[in-house]
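Student: Below is the file upload-v6.pdb, which contains PDB, C-alpha atoms.
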```
MODEL        1
ATOM      1  CA  MET N 888     122.840 105.567 120.635
ATOM      2  CA  PHE N 889     119.053 105.157 120.561
ATOM      3  CA  ASN N 890     117.222 102.691 122.664
ATOM      4  CA  PRO N 891     116.059  99.737 120.469
ATOM      5  CA  LEU N 892     112.604  99.961 122.015
ATOM      6  CA  LEU N 893     112.356 103.630 120.988
ATOM      7  CA  ILE N 894     113.385 102.729 117.428
ATOM      8  CA  CYS N 895     110.669 100.058 117.262
ATOM      9  CA  ILE N 896     108.058 102.496 118.570
ATOM     10  CA  VAL N 897     109.047 105.134 115.991
ATOM     11  CA  TYR N 898     108.878 102.635 113.106
ATOM     12  CA  LEU N 899     105.517 101.302 114.249
ATOM     13  CA  ALA N 900     104.172 104.851 114.632
ATOM     14  CA  VAL N 901     105.311 105.715 111.092
ATOM     15  CA  PHE N 902     103.788 102.468 109.818
ATOM     16  CA  THR N 903     100.466 103.219 111.568
ATOM     17  CA  PHE N 904     100.365 106.758 110.191
ATOM     18  CA  ALA N 905     101.208 105.586 106.655
ATOM     19  CA  GLN N 906      98.670 102.769 106.860
ATOM     20  CA  ARG N 907      95.901 105.169 107.895
ATOM     21  CA  GLN N 908      96.773 107.561 105.075
ATOM     22  CA  VAL N 909      96.807 104.775 102.488
ATOM     23  CA  SER N 910      93.552 103.325 103.849
ATOM     24  CA  HIS N 911      91.910 106.742 103.675
ATOM     25  CA  TRP N 912      93.119 107.229 100.094
ATOM     26  CA  ILE N 913      91.841 103.761  99.081
ATOM     27  CA  ARG N 914      88.428 104.500 100.665
ATOM     28  CA  GLN N 915      88.260 107.762  98.684
ATOM     29  CA  GLN N 916      89.102 105.924  95.466
ATOM     30  CA  ALA N 917      86.508 103.256  96.265
ATOM     31  CA  LYS N 918      83.826 105.864  96.925
ATOM     32  CA  LYS N 919      84.696 107.766  93.756
ATOM     33  CA  LYS N 920      84.560 104.592  91.649
ATOM     34  CA  GLN N 921      81.572 103.148  93.542
ATOM     35  CA  VAL N 922      83.466 100.008  94.538
ATOM     36  CA  ASN N 923      82.087  97.446  96.948
ATOM     37  CA  GLU N 924      83.330  97.986 100.522
ATOM     38  CA  VAL N 925      84.419  94.354 100.879
ATOM     39  CA  ARG N 926      86.648  94.689  97.851
ATOM     40  CA  SER N 927      88.206  97.922  99.094
ATOM     41  CA  ARG N 928      88.921  96.277 102.457
ATOM     42  CA  MET N 929      90.654  93.382 100.678
ATOM     43  CA  VAL N 930      92.872  95.750  98.710
ATOM     44  CA  THR N 931      93.620  97.753 101.859
ATOM     45  CA  ARG N 932      94.528  94.595 103.748
ATOM     46  CA  LEU N 933      96.801  93.378 100.942
ATOM     47  CA  ILE N 934      98.674  96.691 100.786
ATOM     48  CA  SER N 935      98.878  96.846 104.596
ATOM     49  CA  TYR N 936     100.498  93.406 104.721
ATOM     50  CA  PHE N 937     103.083  94.512 102.181
ATOM     51  CA  MET N 938     103.789  97.734 104.101
ATOM     52  CA  PHE N 939     104.143  95.800 107.372
ATOM     53  CA  PHE N 940     106.596  93.381 105.754
ATOM     54  CA  VAL N 941     108.697  96.303 104.496
ATOM     55  CA  THR N 942     108.524  97.998 107.924
ATOM     56  CA  LEU N 943     109.707  94.834 109.675
ATOM     57  CA  SER N 944     112.585  94.473 107.214
ATOM     58  CA  VAL N 945     113.733  98.086 107.686
ATOM     59  CA  MET N 946     113.320  97.763 111.452
ATOM     60  CA  ALA N 947     115.449  94.617 111.518
ATOM     61  CA  VAL N 948     118.255  96.313 109.566
ATOM     62  CA  SER N 949     118.203  99.412 111.777
ATOM     63  CA  LEU N 950     118.204  97.344 114.975
ATOM     64  CA  GLY N 951     121.528  95.816 114.115
ATOM     65  CA  LEU N 952     120.714  92.707 112.184
ATOM     66  CA  GLY N 953     123.025  92.699 109.234
ATOM     67  CA  TYR N 954     121.786  93.644 105.819
ATOM     68  CA  GLN N 955     122.867  90.233 104.528
ATOM     69  CA  GLU N 956     120.809  88.359 107.112
ATOM     70  CA  VAL N 957     117.707  90.441 106.435
ATOM     71  CA  SER N 958     118.121  90.225 102.666
ATOM     72  CA  LEU N 959     118.636  86.460 102.965
ATOM     73  CA  PHE N 960     115.390  86.178 104.954
ATOM     74  CA  VAL N 961     113.451  88.400 102.552
ATOM     75  CA  SER N 962     114.740  86.616  99.449
ATOM     76  CA  SER N 963     114.030  83.213 101.060
ATOM     77  CA  ALA N 964     110.483  84.292 101.885
ATOM     78  CA  PHE N 965     109.925  85.484  98.311
ATOM     79  CA  ALA N 966     111.455  82.269  96.929
ATOM     80  CA  VAL N 967     109.147  80.093  99.040
ATOM     81  CA  LEU N 968     106.182  82.252  98.109
ATOM     82  CA  GLY N 969     107.175  82.142  94.440
ATOM     83  CA  VAL N 970     107.562  78.357  94.418
ATOM     84  CA  ALA N 971     104.289  77.908  96.303
ATOM     85  CA  LEU N 972     102.380  80.169  93.938
ATOM     86  CA  PHE N 973     104.114  79.033  90.741
ATOM     87  CA  ALA N 974     101.811  76.041  90.538
ATOM     88  CA  GLN N 975      98.917  78.417  91.152
ATOM     89  CA  TRP N 976     100.153  81.283  88.975
ATOM     90  CA  SER N 977      96.630  82.031  87.836
ATOM     91  CA  ILE N 978      95.606  82.826  91.412
ATOM     92  CA  LEU N 979      98.503  85.243  91.785
ATOM     93  CA  SER N 980      97.813  86.851  88.410
ATOM     94  CA  ASN N 981      94.103  87.213  89.241
ATOM     95  CA  ILE N 982      94.937  88.888  92.571
ATOM     96  CA  THR N 983      97.343  91.271  90.834
ATOM     97  CA  ALA N 984      94.771  91.972  88.131
ATOM     98  CA  GLY N 985      92.133  92.530  90.836
ATOM     99  CA  VAL N 986      94.279  95.217  92.462
ATOM    100  CA  LEU N 987      94.904  96.833  89.060
ATOM    101  CA  ILE N 988      91.195  96.729  88.229
ATOM    102  CA  PHE N 989      90.456  98.408  91.567
ATOM    103  CA  PHE N 990      92.558 101.435  90.635
ATOM    104  CA  VAL N 991      92.331 101.533  86.822
ATOM    105  CA  PHE N 992      89.176  99.778  85.548
ATOM    106  CA  PRO N 993      86.810 102.457  84.167
ATOM    107  CA  TYR N 994      83.602 100.427  84.517
ATOM    108  CA  ARG N 995      81.471 100.092  87.636
ATOM    109  CA  ILE N 996      78.896  97.746  89.060
ATOM    110  CA  GLY N 997      75.679  98.187  87.095
ATOM    111  CA  ASP N 998      77.375  99.051  83.773
ATOM    112  CA  ARG N 999      76.564  96.962  80.700
ATOM    113  CA  ILE N1000      79.742  95.724  79.026
ATOM    114  CA  ARG N1001      80.803  93.335  76.305
ATOM    115  CA  ILE N1002      84.104  91.485  76.473
ATOM    116  CA  VAL N1003      85.457  91.058  72.963
ATOM    117  CA  GLU N1004      85.556  87.307  72.279
ATOM    118  CA  LYS N1005      85.290  85.794  68.835
ATOM    119  CA  ASP N1006      83.714  82.508  69.944
ATOM    120  CA  GLU N1007      80.957  83.578  72.319
ATOM    121  CA  ASP N1008      78.894  86.613  73.272
ATOM    122  CA  MET N1009      80.364  87.818  76.564
ATOM    123  CA  SER N1010      78.036  90.692  77.358
ATOM    124  CA  GLY N1011      76.007  91.578  80.400
ATOM    125  CA  VAL N1012      75.624  93.833  83.406
ATOM    126  CA  ILE N1013      78.440  93.887  85.966
ATOM    127  CA  VAL N1014      76.990  92.486  89.188
ATOM    128  CA  GLU N1015      80.171  92.221  91.259
ATOM    129  CA  ILE N1016      83.890  92.889  90.924
ATOM    130  CA  SER N1017      85.942  90.824  93.357
ATOM    131  CA  LEU N1018      89.666  90.263  93.833
ATOM    132  CA  PHE N1019      89.637  87.159  91.582
ATOM    133  CA  HIS N1020      86.820  87.639  89.063
ATOM    134  CA  ILE N1021      83.874  89.714  87.900
ATOM    135  CA  LEU N1022      80.296  88.525  87.710
ATOM    136  CA  LEU N1023      78.275  89.424  84.618
ATOM    137  CA  LYS N1024      74.513  88.940  84.455
ATOM    138  CA  ARG N1025      73.422  88.189  80.911
ATOM    139  CA  GLU N1026      70.109  89.238  79.396
ATOM    140  CA  SER N1027      68.928  85.611  79.662
ATOM    141  CA  GLY N1028      69.385  85.839  83.453
ATOM    142  CA  ASP N1029      72.486  83.637  83.612
ATOM    143  CA  VAL N1030      75.336  84.858  85.811
ATOM    144  CA  MET N1031      78.765  84.432  84.269
ATOM    145  CA  THR N1032      82.103  84.475  86.121
ATOM    146  CA  TYR N1033      85.033  85.952  84.226
ATOM    147  CA  PRO N1034      88.619  85.945  85.615
ATOM    148  CA  ASN N1035      90.273  89.317  86.226
ATOM    149  CA  SER N1036      93.500  88.364  84.450
ATOM    150  CA  LEU N1037      91.610  87.586  81.237
ATOM    151  CA  LEU N1038      89.582  90.774  81.581
ATOM    152  CA  LEU N1039      92.770  92.850  81.400
ATOM    153  CA  GLN N1040      93.919  90.934  78.318
ATOM    154  CA  LYS N1041      90.706  91.373  76.323
ATOM    155  CA  GLY N1042      89.016  94.412  74.927
ATOM    156  CA  VAL N1043      86.010  95.650  76.892
ATOM    157  CA  VAL N1044      83.242  97.724  75.306
ATOM    158  CA  LYS N1045      80.774  99.708  77.392
ATOM    159  CA  LEU N1046      77.272  99.221  76.031
ATOM    160  CA  PRO N1047      74.442 101.706  76.444
ATOM    161  CA  ASN N1048      72.080 100.841  79.256
ATOM    162  CA  ASN N1049      68.633 100.357  77.678
ATOM    163  CA  GLN N1050      66.741 100.975  80.910
ATOM    164  CA  VAL N1051      68.377 104.359  81.445
ATOM    165  CA  ALA N1052      67.695 105.395  77.832
ATOM    166  CA  THR N1053      64.036 104.364  78.170
ATOM    167  CA  LYS N1054      63.601 106.383  81.369
ATOM    168  CA  LYS N1055      65.136 109.470  79.757
ATOM    169  CA  ALA N1056      62.899 109.132  76.703
ATOM    170  CA  THR N1057      59.778 108.861  78.876
ATOM    171  CA  THR N1058      60.794 111.877  80.925
ATOM    172  CA  ARG N1059      61.301 113.958  77.792
ATOM    173  CA  ARG N1060      57.830 113.110  76.494
ATOM    174  CA  ALA N1061      56.178 113.990  79.776
ATOM    175  CA  ILE N1062      57.549 117.560  79.768
ATOM    176  CA  PRO N1063      55.194 119.863  77.811
ATOM    177  CA  LYS N1064      56.759 121.988  75.114
ATOM    178  CA  ARG N1065      56.767 125.768  75.447
ATOM    179  CA  GLN N1066      55.349 127.786  72.621
TER     180      GLN N1066
ENDMDL
END
```
Written as structure tokens, that's how I'd like the structure from this file.

Tutor:
Amino acid sequence: MFNPLLICIVYLAVFTFAQRQVSHWIRQQAKKKQVNEVRSRMVTRLISYFMFFVTLSVMAVSLGLGYQEVSLFVSSAFAVLGVALFAQWSILSNITAGVLIFFVFPYRIGDRIRIVEKDEDMSGVIVEISLFHILLKRESGDVMTYPNSLLLQKGVVKLPNNQVATKKATTRRAIPKRQ
């Protein structure tokens, strides 16, 4: 049939093409949402690792390794990963929430938000959104770290930015009225 080397080259070429397309799409999303470049690279790297793992699994099955052997390896890898991360489930949930926030979160760096908490005032300006947490700068100047997984569980309210409103009001006064 086909030469195994040719099959590997075809799969790696498809993987490279798909990875470039996904990376380009993620960069477009990051630019549209004004996301930090470091964060977009982290999301791209995470998705690339997953795609490479899937490519290797499909390549192994098509090269003649039995489906049972490959599925045993894949399920064993996921079991080890699951057991290793079970003790650190919050890390895994924060990474997952960080990827979701990258694609879905409607607020950007520089927006003033308030996280709905009944015990404490959780409001401030978003300084950074990373894969694990967001940084909020409060009006007092304190910088607060808030985990991504909790951010998706709570209500978030976008507050008006006082500096922008002040600049608009000053600009309106400076323009003379026509009679």

Student: Nearest residue to Ser980 (chain N) out of N:Val925, N:Val967, N:Leu1037, N:Val1030, using all atoms listed in the file?

Tutor: N:Leu1037

Student: Work out how far CA of Asp1006 (chain N) is from CA of Val1043 (chain N), in Å to one decimal.

Tutor: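 Separating CA of Val1043 (chain N) from CA of Asp1006 (chain N) is a distance of 15.0 Å.
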
Student: Smallest atom-to-atom distance to Ser935 (chain N): which of N:Gln908, N:Asn1048, N:Ser949, N:Ser963, using all atoms listed in the file?

Tutor: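 Nearest candidate to Ser935 (chain N) out of N:Gln908, N:Asn1048, N:Ser949, N:Ser963: N:Gln908.
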
Student: Leaving out Lys1045 (chain N) and any residue of its chain fewer than 4 positions from it, which residues lie within 10 Å of it when counting only C-alpha atoms, given as a PyMOL selection string?

Tutor: chain N and resi 993-994+998-1002+1010-1012

Student: Hey, which of N:Glu1007, N:Ala947, N:Met938, N:Asp1029 ends up closest to Val901 (chain N)? Count all atoms listed in the file.

Tutor: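 With all atoms listed in the file as the atom set, the closest residue is N:Met938.
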
Student: Of the candidates N:Phe1019, N:Tyr1033, N:Phe939, N:Phe990, which one gets nearest to Lys918 (chain N) if we count only C-alpha atoms?

Tutor: N:Phe990

Student: Work out how far apart CA of Gly985 (chain N) and CA of Lys920 (chain N) are and give it in Å to one decimal.

Tutor: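 So the answer is 14.3 Å.
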
Student: Using Å and a single decimal, report how far CA of Lys1041 (chain N) sits from CA of Gly1028 (chain N).

Tutor: 23.2 Å

Student: What box, with edges along x, y and z, holds each listed atom of region 925-944 of chain N when 4 Å is added on every side, and can you state its centre and edge lengths in Å to one decimal, as lines of an AutoDock Vina configuration file?

Tutor:
```
center_x = 98.5
center_y = 95.7
center_z = 103.8
size_x = 36.2
size_y = 12.6
size_z = 19.8
```

Student: List, as a list in words, every residue that the PyMOL selection byres ((chain N and resi 1034) around 10) selects in the file provided.

Tutor: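 With the shown file as input, the PyMOL selection byres ((chain N and resi 1034) around 10) matches Ser977, Ile978, Ser980, Asn981, Ile982, Ala984, Gly985, Ile1016, Ser1017, Leu1018, Phe1019, His1020, Ile1021, Leu1022, Thr1032, Tyr1033, Asn1035, Ser1036, Leu1037, Leu1038 and Leu1039 of chain N.
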
Student: The PyMOL selection byres ((chain N and resi 996) around 7) - which residues does that actually catch in the file I just gave you? List them as an MDAnalysis selection string.

Tutor: chainID N and resid 995 997:998 1013:1015

Student: Restricted to C-alpha atoms, what would the selected residues look like written as a tab-separated table (two decimals), in the frame of the given file?

Tutor:
```tsv
chain	number	residue	atom	x	y	z
N	995	ARG	CA	81.47	100.09	87.64
N	997	GLY	CA	75.68	98.19	87.10
N	998	ASP	CA	77.38	99.05	83.77
N	1013	ILE	CA	78.44	93.89	85.97
N	1014	VAL	CA	76.99	92.49	89.19
N	1015	GLU	CA	80.17	92.22	91.26
```

Student: Could you check which of N:Met1031, N:Phe902, N:Gly1042, N:Ile894 is closest to Phe937 (chain N), using only C-alpha atoms?

Tutor: N:Phe902

Student: Considering all atoms listed in the file, state which residue in the set N:Glu1026, N:Val961, N:Gln955, N:Leu943 is at the smallest distance from Ile896 (chain N).

Tutor: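 Using all atoms listed in the file, Ile896 (chain N) sits closest to N:Leu943.
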
Student: Selected by the PyMOL selection byres ((chain N and resi 904-906) around 12) in the shown coordinates: which residues, as a list of chain:residue names?

Tutor: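 Going through the file, the PyMOL selection byres ((chain N and resi 904-906) around 12) ends up selecting N:Val897, N:Tyr898, N:Leu899, N:Ala900, N:Val901, N:Phe902, N:Thr903, N:Arg907, N:Gln908, N:Val909, N:Ser910, N:His911, N:Trp912, N:Ile913, N:Thr931, N:Arg932, N:Leu933, N:Ile934, N:Ser935, N:Tyr936, N:Phe937, N:Met938, N:Phe939, N:Thr942.
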
Student: Neighbours of Leu950 (chain N) within 9 Å (all atoms listed in the file; same-chain residues fewer than 3 positions away dropped), as JSON, numbers by chain?

Tutor: {"N": [891, 894, 895, 945, 946, 947, 953]}
